[in-house]
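Since the structure comes first, as structure tokens, the remarks are kept for the end.
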Amino acid sequence: MSTQTMRKGTGVALCILIGLTVVVVGSRVGSDVRKAEIPVRPPEARSFAPGGVPAGEPAPVFALQDLDGNEINLTDQRGKVVLINFWATWCPPCREELPHIQRFHEQYRDKGLVVLAISTDRDKEKVRPFMEKHGYTFPVLFADGKVASAYKVRGIPVVYLIDREGAVQLRKVGYAPGGENRLEQQVEKLLDHHTGHPL
């Protein structure tokens, strides 16, 4: 066998050996990655995260225009439970949550709940057609920079529940299926609750 043939054979064998090493090491690494536990907070933990305006603190007051140009003032809602929802027409989680907001509005408004859905849409012209298309009847206000800053809104949707005395009782960030059940429980508690202390 010539020296050249031996060199070719050695080179091929070396390539095969390197290839097998890569496959074995890669499969082990992949296996380790698949076995690794990645901590993920449950949807409820994400949805009802701390932060924002603390529970028990007075809700920041605002006066914003609704779809018809009327000014709605938060202080005028004193004595009622207020659900504030920061949202936008282009936001998929918001669109998932809004049917539940509509249901709360219909089911609890005669019991003392006021829904104030604060749209963060830059194109305000899209909001009324969106509301009409989906049959939503809850009041919609248009956000300004001050209200978003006061409520520490970093992303949407965000829901705040405010008690009859004007204190923040709950802040919910984002939407996960099932989160509306806990929110509804808190709405019902606040409707029956008449103190300014956090639940």
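Scheme for the structure tokens: letters A, B, ... for chains in order shown; per-chain residue numbers from 1; ligand numbers from 1 in order shown.
When the distance limit is 7 Å and only C-alpha atoms are what count, the residues near A:Val81, minus those fewer than 5 positions from it on the same chain, are Gly112, Leu113, Val114, Ile162, Asp163, Arg164, Leu190 and Leu191 of chain A.
Note that DSSP on the backbone gives strand (DSSP E) to these residues of stretch 40-152 of chain A: A:Ala63, A:Leu64, A:Gln65, A:Glu71, A:Ile72, A:Asn73, A:Val81, A:Val82, A:Leu83, A:Ile84, A:Asn85, A:Phe86, A:Trp87, A:Leu113, A:Val114, A:Val115, A:Leu116, A:Ala117, A:Ile118, A:Ser119, A:Val140, A:Leu141, A:Phe142.
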Report as a Markdown table: every residue of stretch 47-81 of chain A with an atom at most 7 Å from stretch 134-158 of chain A, its closest pair of atoms, and their distance in Å to one decimal, counting only C-alpha atoms, with rows sorted by chain and ascending residue number.
```
| residue | atom | partner | partner_atom | distance |
| --- | --- | --- | --- | --- |
| A:Gly52 | CA | A:Lys152 | CA | 5.2 |
| A:Val53 | CA | A:Tyr151 | CA | 6.1 |
| A:Pro60 | CA | A:Ala150 | CA | 6.2 |
| A:Phe62 | CA | A:Val147 | CA | 6.6 |
| A:Leu64 | CA | A:Leu141 | CA | 6.0 |
| A:Gln65 | CA | A:Leu141 | CA | 5.5 |
| A:Asp66 | CA | A:Leu141 | CA | 4.2 |
| A:Leu67 | CA | A:Val140 | CA | 6.3 |
```
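Between atom CA of A:Thr75 and atom CA of A:Gly166 the interatomic distance comes to 7.8 Å.
Residues in contact with A:Ile84 at up to 9 Å, not including ones fewer than 2 positions away on its chain and judged by only C-alpha atoms, are Val82, Phe86, Val114, Val115, Leu116, Ala117, Ile118, Val158, Val159, Tyr160, Leu161 and Ile162 of chain A.
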Residues as selected, N, CA and C atoms, written as a PDB file, in the first residue's frame, can you do that?
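Once written, selection06.pdb looks like this:
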```pdb
ATOM      1  N   VAL A  82     -64.449  50.536  40.798  1.00  0.00           N
ATOM      2  CA  VAL A  82     -64.027  50.911  39.446  1.00  0.00           C
ATOM      3  C   VAL A  82     -63.014  49.898  38.920  1.00  0.00           C
ATOM      4  N   PHE A  86     -56.383  49.201  30.895  1.00  0.00           N
ATOM      5  CA  PHE A  86     -55.550  49.802  29.855  1.00  0.00           C
ATOM      6  C   PHE A  86     -55.411  48.792  28.720  1.00  0.00           C
ATOM      7  N   VAL A 114     -68.156  50.150  37.933  1.00  0.00           N
ATOM      8  CA  VAL A 114     -67.953  51.030  36.783  1.00  0.00           C
ATOM      9  C   VAL A 114     -66.724  50.554  36.034  1.00  0.00           C
ATOM     10  N   VAL A 115     -66.868  50.247  34.757  1.00  0.00           N
ATOM     11  CA  VAL A 115     -65.741  49.879  33.908  1.00  0.00           C
ATOM     12  C   VAL A 115     -65.289  51.118  33.155  1.00  0.00           C
ATOM     13  N   LEU A 116     -64.005  51.415  33.240  1.00  0.00           N
ATOM     14  CA  LEU A 116     -63.406  52.491  32.457  1.00  0.00           C
ATOM     15  C   LEU A 116     -62.259  51.881  31.651  1.00  0.00           C
ATOM     16  N   ALA A 117     -62.512  51.619  30.381  1.00  0.00           N
ATOM     17  CA  ALA A 117     -61.506  51.026  29.506  1.00  0.00           C
ATOM     18  C   ALA A 117     -60.710  52.156  28.867  1.00  0.00           C
ATOM     19  N   ILE A 118     -59.451  52.258  29.235  1.00  0.00           N
ATOM     20  CA  ILE A 118     -58.609  53.360  28.762  1.00  0.00           C
ATOM     21  C   ILE A 118     -57.789  52.891  27.568  1.00  0.00           C
ATOM     22  N   VAL A 158     -53.464  45.972  31.217  1.00  0.00           N
ATOM     23  CA  VAL A 158     -53.308  46.129  32.665  1.00  0.00           C
ATOM     24  C   VAL A 158     -54.677  46.470  33.235  1.00  0.00           C
ATOM     25  N   VAL A 159     -55.055  45.773  34.289  1.00  0.00           N
ATOM     26  CA  VAL A 159     -56.321  46.046  34.975  1.00  0.00           C
ATOM     27  C   VAL A 159     -56.032  46.489  36.401  1.00  0.00           C
ATOM     28  N   TYR A 160     -56.702  47.555  36.815  1.00  0.00           N
ATOM     29  CA  TYR A 160     -56.689  47.988  38.210  1.00  0.00           C
ATOM     30  C   TYR A 160     -58.109  47.887  38.748  1.00  0.00           C
ATOM     31  N   LEU A 161     -58.242  47.416  39.981  1.00  0.00           N
ATOM     32  CA  LEU A 161     -59.520  47.463  40.679  1.00  0.00           C
ATOM     33  C   LEU A 161     -59.405  48.479  41.810  1.00  0.00           C
ATOM     34  N   ILE A 162     -60.361  49.384  41.856  1.00  0.00           N
ATOM     35  CA  ILE A 162     -60.370  50.457  42.847  1.00  0.00           C
ATOM     36  C   ILE A 162     -61.635  50.332  43.684  1.00  0.00           C
TER      37      ILE A 162
END
```
Point to revise | Backbone-only DSSP, alpha helix (DSSP H) members of stretch 138-175 of chain A, as number ranges by chain | key: A: 145-150
I need the chosen residues saved as a PDB file, in the first residue's frame, with N, CA, C and O atoms.
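Saved result, part35.pdb, follows:
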```pdb
ATOM      1  N   GLY A 145     -50.299  60.666  28.328  1.00  0.00           N
ATOM      2  CA  GLY A 145     -49.044  60.240  28.949  1.00  0.00           C
ATOM      3  C   GLY A 145     -49.078  60.299  30.459  1.00  0.00           C
ATOM      4  O   GLY A 145     -48.455  59.489  31.132  1.00  0.00           O
ATOM      5  N   LYS A 146     -49.846  61.228  31.005  1.00  0.00           N
ATOM      6  CA  LYS A 146     -49.876  61.398  32.453  1.00  0.00           C
ATOM      7  C   LYS A 146     -50.540  60.216  33.147  1.00  0.00           C
ATOM      8  O   LYS A 146     -50.045  59.720  34.164  1.00  0.00           O
ATOM      9  N   VAL A 147     -51.674  59.756  32.610  1.00  0.00           N
ATOM     10  CA  VAL A 147     -52.380  58.659  33.281  1.00  0.00           C
ATOM     11  C   VAL A 147     -51.591  57.364  33.188  1.00  0.00           C
ATOM     12  O   VAL A 147     -51.517  56.586  34.131  1.00  0.00           O
ATOM     13  N   ALA A 148     -50.967  57.117  32.024  1.00  0.00           N
ATOM     14  CA  ALA A 148     -50.160  55.906  31.878  1.00  0.00           C
ATOM     15  C   ALA A 148     -48.979  55.927  32.836  1.00  0.00           C
ATOM     16  O   ALA A 148     -48.626  54.906  33.440  1.00  0.00           O
ATOM     17  N   SER A 149     -48.374  57.100  33.009  1.00  0.00           N
ATOM     18  CA  SER A 149     -47.248  57.228  33.927  1.00  0.00           C
ATOM     19  C   SER A 149     -47.701  57.091  35.380  1.00  0.00           C
ATOM     20  O   SER A 149     -47.057  56.415  36.189  1.00  0.00           O
ATOM     21  N   ALA A 150     -48.827  57.699  35.711  1.00  0.00           N
ATOM     22  CA  ALA A 150     -49.328  57.653  37.089  1.00  0.00           C
ATOM     23  C   ALA A 150     -49.641  56.227  37.524  1.00  0.00           C
ATOM     24  O   ALA A 150     -49.419  55.850  38.672  1.00  0.00           O
TER      25      ALA A 150
END
```
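We find atom CA of A:Gly178 and atom CA of A:Tyr108 to be spaced 18.9 Å apart.
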Review point. Looking at only C-alpha atoms, which of A:Tyr175, A:Lys111, A:Glu57, A:Asp68 is the one that sits closest to A:Trp87?
Key: A:Tyr175
Check your understanding: Restricting the calculation to only C-alpha atoms, which member of A:Asp121, A:Glu165, A:Glu184, A:Asp192 is positioned closest to A:Ala59?
Key -> A:Glu165
**Study point:** d(atom CA of A:Ala88, atom CA of A:Thr120) in Å
**Key:** 5.3 Å
**Study point:** Selected residue of minimal separation from A:Lys189 among A:Leu98, A:Leu74, A:Gln169, A:Arg128, counting only C-alpha atoms
**Key:** A:Gln169
